Each structure stands twice: as C-alpha cells, then as structure tokens.
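See below for data.cif, which holds mmCIF, C-alpha atoms.
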```
data_start
#
loop_
_atom_site.label_atom_id
_atom_site.label_comp_id
_atom_site.auth_asym_id
_atom_site.auth_seq_id
_atom_site.Cartn_x
_atom_site.Cartn_y
_atom_site.Cartn_z
CA MET A 1 117.13 116.68 36.92
CA MET A 2 119.50 116.49 33.99
CA SER A 3 121.05 113.28 35.28
CA LYS A 4 117.61 111.68 35.41
CA LEU A 5 116.85 113.05 31.96
CA ALA A 6 120.14 111.76 30.55
CA ARG A 7 119.47 108.29 31.97
CA ALA A 8 115.91 108.36 30.64
CA VAL A 9 117.19 109.20 27.17
CA GLU A 10 119.59 106.24 27.32
CA LEU A 11 116.91 103.86 28.53
CA LYS A 12 114.41 105.08 25.95
CA ALA A 13 116.89 104.35 23.16
CA GLU A 14 117.57 100.90 24.60
CA LEU A 15 113.85 100.16 24.84
CA VAL A 16 113.23 101.14 21.21
CA HIS A 17 116.21 99.04 20.08
CA PHE A 18 114.89 96.10 22.11
CA ALA A 19 111.42 96.50 20.54
CA THR A 20 112.77 96.64 16.97
CA SER A 21 115.63 94.15 17.30
CA GLY A 22 113.81 91.44 15.37
CA ARG A 23 112.63 89.23 18.21
CA PHE A 24 109.17 90.81 17.97
CA ALA A 25 109.14 91.04 14.17
CA ALA A 26 105.79 89.28 13.71
CA GLU A 27 103.98 91.28 16.39
CA LEU A 28 105.50 94.57 15.23
CA GLY A 29 104.54 93.77 11.65
CA VAL A 30 100.89 93.42 12.65
CA VAL A 31 100.98 96.82 14.38
CA LEU A 32 102.68 98.48 11.39
CA ASP A 33 100.12 97.01 9.00
CA ARG A 34 97.28 98.33 11.14
CA PHE A 35 98.73 101.84 11.41
CA TYR A 36 99.60 102.01 7.71
CA SER A 37 96.39 100.45 6.40
CA GLY A 38 95.37 103.80 4.91
CA GLY A 39 98.68 104.37 3.15
CA PRO A 40 102.30 105.26 3.94
CA PRO A 41 103.08 107.68 6.80
CA ALA A 42 102.92 111.36 5.95
CA ASP A 43 105.91 112.45 8.00
CA GLU A 44 108.49 111.40 10.60
CA ALA A 45 106.00 111.74 13.45
CA ALA A 46 103.52 109.41 11.75
CA ALA A 47 106.28 106.98 10.78
CA PHE A 48 107.57 106.50 14.32
CA LEU A 49 104.16 106.48 16.04
CA PRO A 50 103.45 102.74 15.60
CA VAL A 51 106.93 101.82 16.84
CA ASP A 52 106.48 103.97 19.93
CA PHE A 53 103.01 102.52 20.55
CA PHE A 54 104.39 99.00 20.15
CA ALA A 55 107.27 99.63 22.56
CA HIS A 56 105.07 101.06 25.31
CA GLN A 57 101.50 99.86 25.00
CA HIS A 58 100.95 96.92 22.64
CA GLU A 59 99.84 93.78 24.44
CA LEU A 60 101.93 90.78 23.42
CA PRO A 61 100.39 87.28 23.09
CA GLY A 62 101.29 86.47 26.70
CA GLY A 63 99.39 89.50 27.99
CA ASP A 64 102.51 91.47 28.89
CA THR A 65 104.18 94.35 27.02
CA VAL A 66 107.57 95.09 25.52
CA VAL A 67 108.26 97.21 28.61
CA ASP A 68 107.66 94.15 30.81
CA ARG A 69 109.99 92.01 28.69
CA PHE A 70 112.66 94.72 28.67
CA LEU A 71 112.62 94.97 32.45
CA ALA A 72 112.75 91.19 32.85
CA GLU A 73 115.57 90.59 30.38
CA THR A 74 117.86 93.64 30.62
CA PRO A 75 120.74 93.11 33.08
CA GLY A 76 122.22 95.90 35.14
CA LEU A 77 119.08 97.92 35.80
CA ASP A 78 119.01 99.40 39.28
CA ARG A 79 115.88 100.15 41.27
CA THR A 80 115.67 103.71 39.93
CA ASP A 81 115.89 102.46 36.35
CA VAL A 82 113.18 99.87 36.94
CA GLU A 83 110.82 102.38 38.53
CA LEU A 84 111.38 104.84 35.69
CA VAL A 85 110.84 102.35 32.84
CA ALA A 86 107.93 100.61 34.56
CA GLY A 87 106.14 103.96 34.55
CA TRP A 88 106.44 104.11 30.77
CA LYS A 89 103.44 101.87 30.31
CA ILE A 90 101.58 105.10 31.05
CA VAL A 91 101.48 107.23 27.90
CA VAL A 92 99.69 110.58 27.66
CA GLU A 93 98.50 111.28 24.12
CA GLY A 94 97.01 114.59 23.22
CA VAL A 95 96.86 117.89 21.42
CA PHE A 96 99.07 120.28 23.37
CA GLU A 97 99.14 124.06 23.24
CA VAL A 98 102.58 125.51 23.95
CA ARG A 99 102.30 127.77 27.00
CA ALA A 100 105.96 128.56 27.72
CA VAL A 101 109.39 127.56 26.44
CA ASP A 102 112.87 127.69 27.96
CA GLU A 103 116.13 126.16 26.81
CA ALA A 104 115.50 122.76 28.38
CA ALA A 105 111.75 122.33 28.85
CA VAL A 106 108.37 123.30 27.48
CA LEU A 107 105.04 123.79 29.26
CA LEU A 108 102.24 122.08 27.34
CA PHE A 109 98.50 122.45 27.93
CA ASN A 110 96.63 119.34 26.78
CA LEU A 111 93.33 120.25 25.14
CA VAL A 112 92.09 116.69 25.76
CA ASP A 113 92.42 116.53 29.57
CA GLU A 114 93.02 120.24 30.32
CA LEU A 115 96.18 119.54 32.33
CA VAL A 116 99.58 121.24 32.01
CA TYR A 117 102.67 119.07 31.45
CA ARG A 118 106.29 120.17 31.87
CA ALA A 119 108.09 118.18 29.19
CA PHE A 120 111.68 117.52 28.18
CA SER A 121 113.12 116.12 24.96
CA ASN A 122 115.70 113.48 24.19
CA LEU A 123 117.22 115.84 21.61
CA GLY A 124 118.90 118.13 24.09
CA GLU A 125 118.47 121.74 25.19
CA GLY A 126 117.92 123.13 21.68
CA ALA A 127 115.04 120.79 20.93
CA PHE A 128 112.39 123.43 21.55
CA ALA A 129 114.11 126.35 19.80
CA SER A 130 111.47 126.43 17.05
CA LEU A 131 108.53 126.46 19.45
CA GLU A 132 106.70 129.60 20.55
CA PRO A 133 103.77 130.11 22.91
CA GLY A 134 100.52 129.63 21.05
CA MET A 135 101.83 126.90 18.76
CA PHE A 136 100.56 123.33 19.02
CA VAL A 137 102.20 119.94 19.43
CA VAL A 138 100.39 116.66 18.73
CA GLY A 139 102.27 113.85 20.37
CA ARG A 140 102.92 111.46 23.23
CA LEU A 141 104.47 111.92 26.67
CA ILE A 142 105.88 109.39 29.16
CA PRO A 143 106.60 109.99 32.86
CA LEU A 144 109.92 111.46 33.98
CA GLY A 145 109.51 111.69 37.73
CA ALA A 146 107.14 114.60 38.34
CA ASP A 147 107.79 115.79 34.78
CA TRP A 148 107.41 114.23 31.33
CA LEU A 149 109.52 113.16 28.36
CA ILE A 150 108.39 113.53 24.77
CA SER A 151 108.17 109.91 23.67
CA ALA A 152 108.20 110.17 19.87
CA PRO A 153 108.76 112.90 17.27
CA PRO A 154 105.72 115.15 17.65
CA ALA A 155 103.77 116.90 14.91
CA VAL A 156 104.22 120.66 15.32
CA HIS A 157 101.61 123.16 14.11
CA THR A 158 101.38 126.93 14.05
CA ALA A 159 98.80 128.87 16.03
CA GLY A 160 96.79 129.18 12.81
CA ALA A 161 95.87 125.50 13.02
CA ARG A 162 94.00 126.02 16.28
CA SER A 163 90.46 125.47 14.96
CA THR A 164 91.35 122.19 13.28
CA LEU A 165 93.27 120.93 16.30
CA VAL A 166 90.49 121.83 18.74
CA ASP A 167 88.23 119.56 16.69
CA VAL A 168 90.87 116.81 16.81
CA ALA A 169 91.16 117.18 20.60
CA ALA A 170 87.39 117.07 21.04
CA ARG A 171 87.07 113.89 18.97
CA LEU A 172 89.89 112.29 20.97
CA ALA A 173 88.16 113.22 24.22
CA LEU A 174 84.79 111.87 23.08
CA GLY A 175 86.37 108.71 21.71
CA HIS A 176 88.67 108.07 24.69
CA PRO A 177 86.92 109.29 27.86
CA ALA A 178 89.59 107.65 30.06
CA TRP A 179 92.08 110.17 28.69
CA VAL A 180 89.88 113.00 29.97
CA PHE A 181 89.60 111.37 33.39
CA ARG A 182 93.32 111.84 34.03
CA ASN A 183 92.16 115.24 35.25
CA PRO A 184 90.67 114.71 38.73
CA VAL A 185 88.48 117.79 38.41
CA LEU A 186 86.95 116.54 35.18
CA LEU A 187 86.56 113.06 36.68
CA ALA A 188 84.63 114.52 39.62
CA GLN A 189 82.44 116.50 37.21
CA ALA A 190 81.70 113.34 35.24
CA ARG A 191 80.73 111.42 38.37
CA GLU A 192 78.34 114.19 39.41
CA THR A 193 76.85 114.35 35.91
CA GLN A 194 76.38 110.58 35.95
CA ARG A 195 74.57 110.75 39.29
CA ALA A 196 72.25 113.43 37.89
CA GLN A 197 71.60 111.38 34.76
CA ARG A 198 70.83 108.30 36.83
CA ARG A 199 68.24 110.27 38.81
CA CYS A 200 66.78 111.44 35.50
CA PHE A 201 66.72 107.88 34.12
CA THR A 202 64.95 106.56 37.22
CA GLU A 203 62.47 109.42 37.08
CA TYR A 204 61.69 108.73 33.41
CA PHE A 205 61.45 104.92 33.53
CA GLY A 206 60.42 104.47 37.17
CA SER A 207 63.44 102.28 37.97
CA ASP A 208 67.18 102.10 37.33
CA LEU A 209 66.64 98.67 35.69
CA ILE A 210 64.19 98.09 32.85
CA VAL A 211 63.76 95.28 30.33
CA LEU A 212 62.65 96.09 26.77
CA PRO A 213 62.13 94.23 23.51
CA GLY A 214 65.23 94.74 21.40
CA VAL A 215 63.24 96.33 18.57
CA ASP A 216 62.00 99.07 20.93
CA VAL A 217 65.33 100.07 22.46
CA ALA A 218 66.30 102.75 19.94
CA GLU A 219 63.00 104.64 20.07
CA LEU A 220 62.64 104.50 23.85
CA VAL A 221 66.23 105.52 24.51
CA ARG A 222 65.92 108.45 22.11
CA GLY A 223 62.87 109.57 24.05
CA TYR A 224 64.77 109.29 27.31
CA LEU A 225 67.75 111.25 25.96
CA ALA A 226 65.47 114.07 24.85
CA HIS A 227 63.94 114.10 28.35
CA GLN A 228 67.42 114.17 29.89
CA VAL A 229 68.45 117.21 27.85
CA ALA A 230 65.21 118.98 28.76
CA ARG A 231 65.76 118.29 32.46
CA LEU A 232 69.54 118.65 32.75
CA GLY A 233 70.65 120.65 29.72
CA GLY A 234 73.95 119.78 28.12
CA PRO A 235 74.79 118.74 24.57
CA PRO A 236 71.84 117.77 22.36
CA PRO A 237 71.55 113.99 22.06
CA ARG A 238 73.30 112.51 19.07
CA GLY A 239 71.45 109.89 17.07
CA PHE A 240 71.21 106.69 19.07
CA ASP A 241 71.68 103.66 16.86
CA PRO A 242 72.05 100.51 18.97
CA PRO A 243 74.24 97.72 17.62
CA ALA A 244 72.54 94.95 15.68
CA SER A 245 73.08 92.52 18.57
CA LEU A 246 70.68 94.57 20.68
CA VAL A 247 68.13 95.21 17.93
CA VAL A 248 67.73 91.49 17.19
CA ALA A 249 67.65 90.46 20.85
CA ARG A 250 64.29 89.35 22.20
CA THR A 251 64.94 91.45 25.31
CA VAL A 252 67.49 94.04 26.38
CA GLY A 253 68.16 95.05 29.95
CA LEU A 254 69.03 98.69 30.64
CA ILE A 255 70.72 99.12 34.00
CA PHE A 256 71.82 102.55 35.19
CA ASP A 257 74.12 101.50 37.99
CA GLU A 258 75.24 104.14 40.47
CA ALA A 259 78.94 103.35 39.98
CA ALA A 260 79.17 101.62 36.61
CA GLY A 261 76.77 103.91 34.76
CA LEU A 262 74.33 102.94 32.03
CA GLY A 263 74.76 99.53 30.41
CA TYR A 264 72.82 97.60 27.78
CA TYR A 265 72.54 93.80 28.16
CA ALA A 266 71.19 91.55 25.42
CA GLU A 267 68.77 88.73 26.36
CA PHE A 268 68.57 89.97 29.92
CA GLY A 269 64.98 88.74 30.12
CA GLN A 270 66.13 85.18 29.50
CA LEU A 271 68.77 85.58 32.17
CA GLU A 272 66.04 86.71 34.58
CA GLU A 273 64.07 83.57 33.80
CA LEU A 274 67.06 81.46 34.78
CA PHE A 275 67.58 83.23 38.11
CA ASN A 276 63.87 82.88 38.85
CA ASP A 277 63.97 79.16 38.05
CA PRO A 278 67.47 77.67 38.59
CA SER A 279 66.34 74.31 37.20
CA LEU A 280 66.58 75.88 33.73
CA VAL A 281 70.38 75.77 33.99
CA VAL A 282 70.35 72.24 32.53
CA ARG A 283 69.14 73.66 29.20
CA ALA A 284 71.90 74.56 26.76
CA ALA A 285 70.46 77.95 25.78
CA TYR A 286 70.38 79.14 29.38
CA ARG A 287 73.78 77.66 30.25
CA ASP A 288 75.41 79.26 27.21
CA LEU A 289 73.91 82.65 27.99
CA LEU A 290 74.96 82.52 31.64
CA SER A 291 78.44 81.37 30.66
CA ALA A 292 78.79 84.26 28.22
CA TYR A 293 77.79 86.76 30.91
CA LEU A 294 80.17 85.21 33.44
CA ARG A 295 83.18 84.48 31.26
CA GLY A 296 83.04 87.49 28.96
CA ASP A 297 85.74 89.70 30.43
CA THR A 298 84.33 92.76 28.65
CA VAL A 299 80.84 92.20 30.11
CA SER A 300 80.19 94.15 33.29
CA PRO A 301 79.52 92.10 36.42
CA VAL A 302 76.56 94.39 37.20
CA PRO A 303 73.77 92.30 35.60
CA LEU A 304 74.84 89.13 37.44
CA GLN A 305 75.24 91.05 40.69
CA ARG A 306 71.79 92.58 40.35
CA LEU A 307 70.09 89.26 39.66
CA ALA A 308 71.93 87.51 42.47
CA GLU A 309 71.03 90.24 44.96
CA ARG A 310 67.34 89.49 44.44
CA ASP A 311 67.67 85.96 45.80
CA PRO A 312 71.19 84.78 46.79
CA ALA A 313 69.93 81.26 47.46
CA ARG A 314 68.63 80.86 43.92
CA ALA A 315 71.80 82.43 42.57
CA SER A 316 73.76 79.79 44.45
CA GLU A 317 71.75 77.07 42.70
CA VAL A 318 72.25 78.69 39.30
CA PHE A 319 76.04 78.85 39.59
CA ALA A 320 76.29 75.46 41.28
CA GLY A 321 74.58 74.01 38.22
CA LEU A 322 76.76 75.91 35.75
CA LEU A 323 80.04 75.13 37.51
CA GLY A 324 79.21 71.60 38.58
CA ARG A 325 80.05 72.59 42.14
CA LYS A 326 77.43 71.26 44.52
CA GLY A 327 77.13 73.47 47.54
CA PHE A 328 78.38 76.61 45.81
CA ASP A 329 77.32 79.58 47.93
CA TRP A 330 76.90 82.93 46.20
CA GLU A 331 77.21 85.06 49.33
CA ARG A 332 80.50 83.37 50.25
CA SER A 333 82.06 82.88 46.81
CA GLY A 334 80.14 85.00 44.30
CA GLU A 335 82.47 88.00 44.28
CA LEU A 336 85.53 85.75 44.09
CA LEU A 337 83.99 84.05 41.06
CA LEU A 338 83.36 87.37 39.31
CA ARG A 339 86.84 88.66 40.14
CA ALA A 340 88.39 85.53 38.65
CA HIS A 341 86.64 86.02 35.33
CA LYS A 342 86.50 89.83 35.20
CA PRO A 343 89.64 91.13 36.94
CA GLY A 344 89.66 94.37 35.00
CA HIS A 345 86.29 95.36 36.43
CA PHE A 346 87.64 95.09 39.97
CA ALA A 347 91.00 96.82 39.44
CA GLY A 348 89.60 100.08 40.79
CA PRO A 349 86.45 102.20 40.90
CA PRO A 350 84.70 102.10 37.52
CA LEU A 351 85.08 105.18 35.39
CA PRO A 352 81.94 107.15 34.55
CA THR A 353 80.18 106.36 31.30
CA VAL A 354 79.68 110.06 30.58
CA THR A 355 82.33 112.44 29.29
CA PRO A 356 82.52 115.92 30.84
CA VAL A 357 82.22 118.83 28.43
CA THR A 358 85.72 120.23 28.12
CA ALA A 359 86.38 123.56 26.43
CA ALA A 360 87.41 121.73 23.25
CA ILE A 361 84.24 119.62 23.24
CA ALA A 362 82.08 122.69 23.83
CA GLU A 363 83.70 124.51 20.92
CA TYR A 364 83.46 121.44 18.69
CA LEU A 365 79.73 121.00 19.45
CA GLY A 366 78.97 124.71 19.28
CA LEU A 367 77.95 124.93 22.94
CA PRO A 368 78.36 127.97 25.19
CA ALA A 369 81.84 128.29 26.71
CA GLN A 370 82.19 126.39 29.97
CA PRO A 371 82.70 128.43 33.16
#
```

Output the file's structure in the form of structure tokens.
Amino acid sequence: MMSKLARAVELKAELVHFATSGRFAAELGVVLDRFYSGGPPADEAAAFLPVDFFAHQHELPGGDTVVDRFLAETPGLDRTDVELVAGWKIVVEGVFEVRAVDEAAVLLFNLVDELVYRAFSNLGEGAFASLEPGMFVVGRLIPLGADWLISAPPAVHTAGARSTLVDVAARLALGHPAWVFRNPVLLAQARETQRAQRRCFTEYFGSDLIVLPGVDVAELVRGYLAHQVARLGGPPPRGFDPPASLVVARTVGLIFDEAAGLGYYAEFGQLEELFNDPSLVVRAAYRDLLSAYLRGDTVSPVPLQRLAERDPARASEVFAGLLGRKGFDWERSGELLLRAHKPGHFAGPPLPTVTPVTAAIAEYLGLPAQP
C-alpha cells in the first residue's frame, strides 16, 4: 500500500507542476479569476482549490483535461501509473466527518453522499495527528486503488461547527444531485421516488405528457407539487419560479419520462405542429426550432423521441427535410442521429431528477430524521 501511496504522491506533484508550468497560463487564469471573483482566498485550502480543480476537472478548449494531456505527454509512465492517474478525473468533494484516525489513514464519512472513505495524505504518516473523531474536514479526494488520497489542503473544523457544516453538506447535495448518487443505495431510493412521482404526475394531469401555455406553467406546477406532497409526503414544495424562457413561450411541454424524469420544453406545441405536418419544415421558424432541439447537446432527446414514436414515417420526413437527406429513415437511423448530437445523454442510464432526502438534507429542511 505504501509503495502505491508513495508513487501517487510523486505523480500528484508532477501533475500539479504540469498544470501550473505556464503552458496553460491563459486557461488557469480564467479559472483563478472565477474562483476569486468574490475576493482573495481566506486560507491555504481556498487558495489551492482552483489549482486542484484545474488540474483534475477543468475542460480545456479541445474538450480534454489536464489529466489527459499529462498522460499523453509524460514519458516513462507504466500501465499502473496510467491507470492510477486516469482515475483522477474522478474527484469526490464533500463535507467529511472524521470517524477514526490512525498514523497513516483516516476514515471519513461524507455527509453529502453518506459513504465512508479511507483516505491517505501526501504529507506522510503524521498528517492526521491533529484530527480526532467527531471533527470535520471539507475537501476533495481522488482514487488510490480501493482507497482515496486527499487531493488538496482540506479545511479542518472542530466538532462545534457541525450545525453549520450540515447545512453546507445539504446545500451541496441539493445543488449537485450527481454527488449524492455515488451512493448506490441513495440512487436506488431516488429512482423509486421518481417512479412514485411519475405515477402522481400522471394521476394529476391524466398523462405523462402535457402541453401548457407558458404563462400558466408556474401556477399549474405549483398545484401539482402541492398534490404530490399530499399524496407522497416528503419535503414541502419550494417556490417554483420557471425561467423566463418558459414564461414567455407560447407553449411548454411537460414530459415526465420514466427514465429521464420530469423535463420542461419550450415551444413544444410548435414542434408538435411540425411532426404532424412535415411540410412545415421548409419554414425557417420550424427548422430553427427543430435544429435547436436536435443540436442542443444539453437538451434531452426525450421530446424528439416521443414525437417520433407517434408516427415514425412522418418523423422520417421531418428529419429528411432538415438534414437534406432524401430517404432518411427514422426507425433505422434516428437513434444514431440523436447519439451523434447528444452523446452525453447516451453515456449511461440517466440519473434521476429527484434528490433523495439524506440525513443532512432532512436536518437542513427541518424534516423528521430518516430511518
């Protein structure tokens, strides 16, 4: 274990040097400006955070990361080194309660995802001498085989800071649901909750797909959320304020897909018109809307899939007209087309759109303790 740790410490130092060597000065400067927009860093942990983020997670203009460049351009890395560093694009951020400490490692319970991490430090065996069970560490971890390595100087807090840090963990969980879903138990709970909410949505609206005037979305969704709480319990609904793009839209489609969850789609009614009458694709307004739905990599493929399922032959005409590809066949090539424009949506099963109520979230919202 120590030999792997020693090598990880060496490689981590090389990666940070590579990231700050000057070749990425412009990109690193943008990241530093963003992190320090509210003022200078308060401590060492805050000062190194943007550098660590840049080295591991920042997407460079070519779509790759500093980790990718390091692996491609550093000679002498063996297979073990490559596997270790490649895993460092995975970073676990969280608020960790110290559960146990020994000379070399510390057991950390993450209040965000409710998992326990056995972590080592690049500072040697005395790195955790000041830690005691019940204290808290706010920081970042990167994989070290089955264990973890503290990736940047963490912020350490006494047990007396618990209430404040529980709130921090809850806000992180609510703001970054994917972090919570690292826990397979919580992921399964979220999927079950989403299935129950979908049944509730269909019961309330009569379908899992409805089309509303944009000006009515806020009021009708608030009514649905109140119904959902009455039927299913859970946290009281927070104020629902749709973005301006939905409010000003002539129509908004609400689709509660079984896998992708609830989505809101502006001008869905106009898109329906196009799929009902493919000849409309020659009009600029319809072409531009269809193109935005197809080529927007952040837009779910669900609305296009739903409309195409109604009549694949008409869908074929619609996309043949958009693409200028006579004979385009949706049933043969539709999924390939969506995958080409929305690869991230096909990388794996979609994550739920609901966040399970962790102990930190329950405490933050004043809900009864979870079983």

Write out as a compact mmCIF listing (two decimals) with C-alpha atoms, in the frame of the given file the residues lying within 12 Å of Val302 (chain A), counting all atoms listed in the file and excluding same-chain residues fewer than 4 positions away.
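In the end it all went to result19.txt:
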```txt
# COMPACT_ATOMS: atom_id res chain seq x y z
CA LEU A 209 66.64 98.67 35.69
CA GLY A 253 68.16 95.05 29.95
CA LEU A 254 69.03 98.69 30.64
CA ILE A 255 70.72 99.12 34.00
CA PHE A 256 71.82 102.55 35.19
CA ASP A 257 74.12 101.50 37.99
CA GLU A 258 75.24 104.14 40.47
CA ALA A 259 78.94 103.35 39.98
CA ALA A 260 79.17 101.62 36.61
CA GLY A 261 76.77 103.91 34.76
CA LEU A 262 74.33 102.94 32.03
CA GLY A 263 74.76 99.53 30.41
CA TYR A 264 72.82 97.60 27.78
CA TYR A 265 72.54 93.80 28.16
CA PHE A 268 68.57 89.97 29.92
CA TYR A 293 77.79 86.76 30.91
CA LEU A 294 80.17 85.21 33.44
CA THR A 298 84.33 92.76 28.65
CA ARG A 306 71.79 92.58 40.35
CA LEU A 307 70.09 89.26 39.66
CA ALA A 308 71.93 87.51 42.47
CA GLU A 309 71.03 90.24 44.96
CA GLU A 335 82.47 88.00 44.28
CA LEU A 338 83.36 87.37 39.31
CA LYS A 342 86.50 89.83 35.20
CA HIS A 345 86.29 95.36 36.43
CA PHE A 346 87.64 95.09 39.97
CA PRO A 350 84.70 102.10 37.52
```

Would you please work out which residue, of A:Val357, A:Ala226, A:Leu144, A:Ile150, is nearest to Leu187 (chain A) when using only C-alpha atoms?
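Checking each of A:Val357, A:Ala226, A:Leu144, A:Ile150 against Leu187 (chain A), counting only C-alpha atoms, the winner is A:Val357.
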
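Evaluating the PyMOL selection byres ((chain A and resi 212) around 7) against the shown model yields Ile210, Val211, Pro213, Gly214, Asp216, Val217, Thr251, Val252 and Gly253 of chain A.
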
What separates CA of Val180 (chain A) and CA of Leu15 (chain A) is a distance of 27.7 Å

Using the chain letters and residue numbers of this document, give as a list in words the residues selected by the PyMOL selection byres ((chain A and resi 359) around 9).
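Here the PyMOL selection byres ((chain A and resi 359) around 9) matches Leu111, Val112, Glu114, Val166, Ala170, Val357, Thr358, Ala360, Ile361, Ala362, Glu363, Tyr364, Ala369 and Gln370 of chain A.
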
Set the distance at 12 Å and use all atoms listed in the file: which residues neighbour Asp288 (chain A) once local chain neighbours fewer than 6 positions away are removed? I'd like the list as a ChimeraX atom specification.
/A:267,270-271,274,280-282,294-296,322
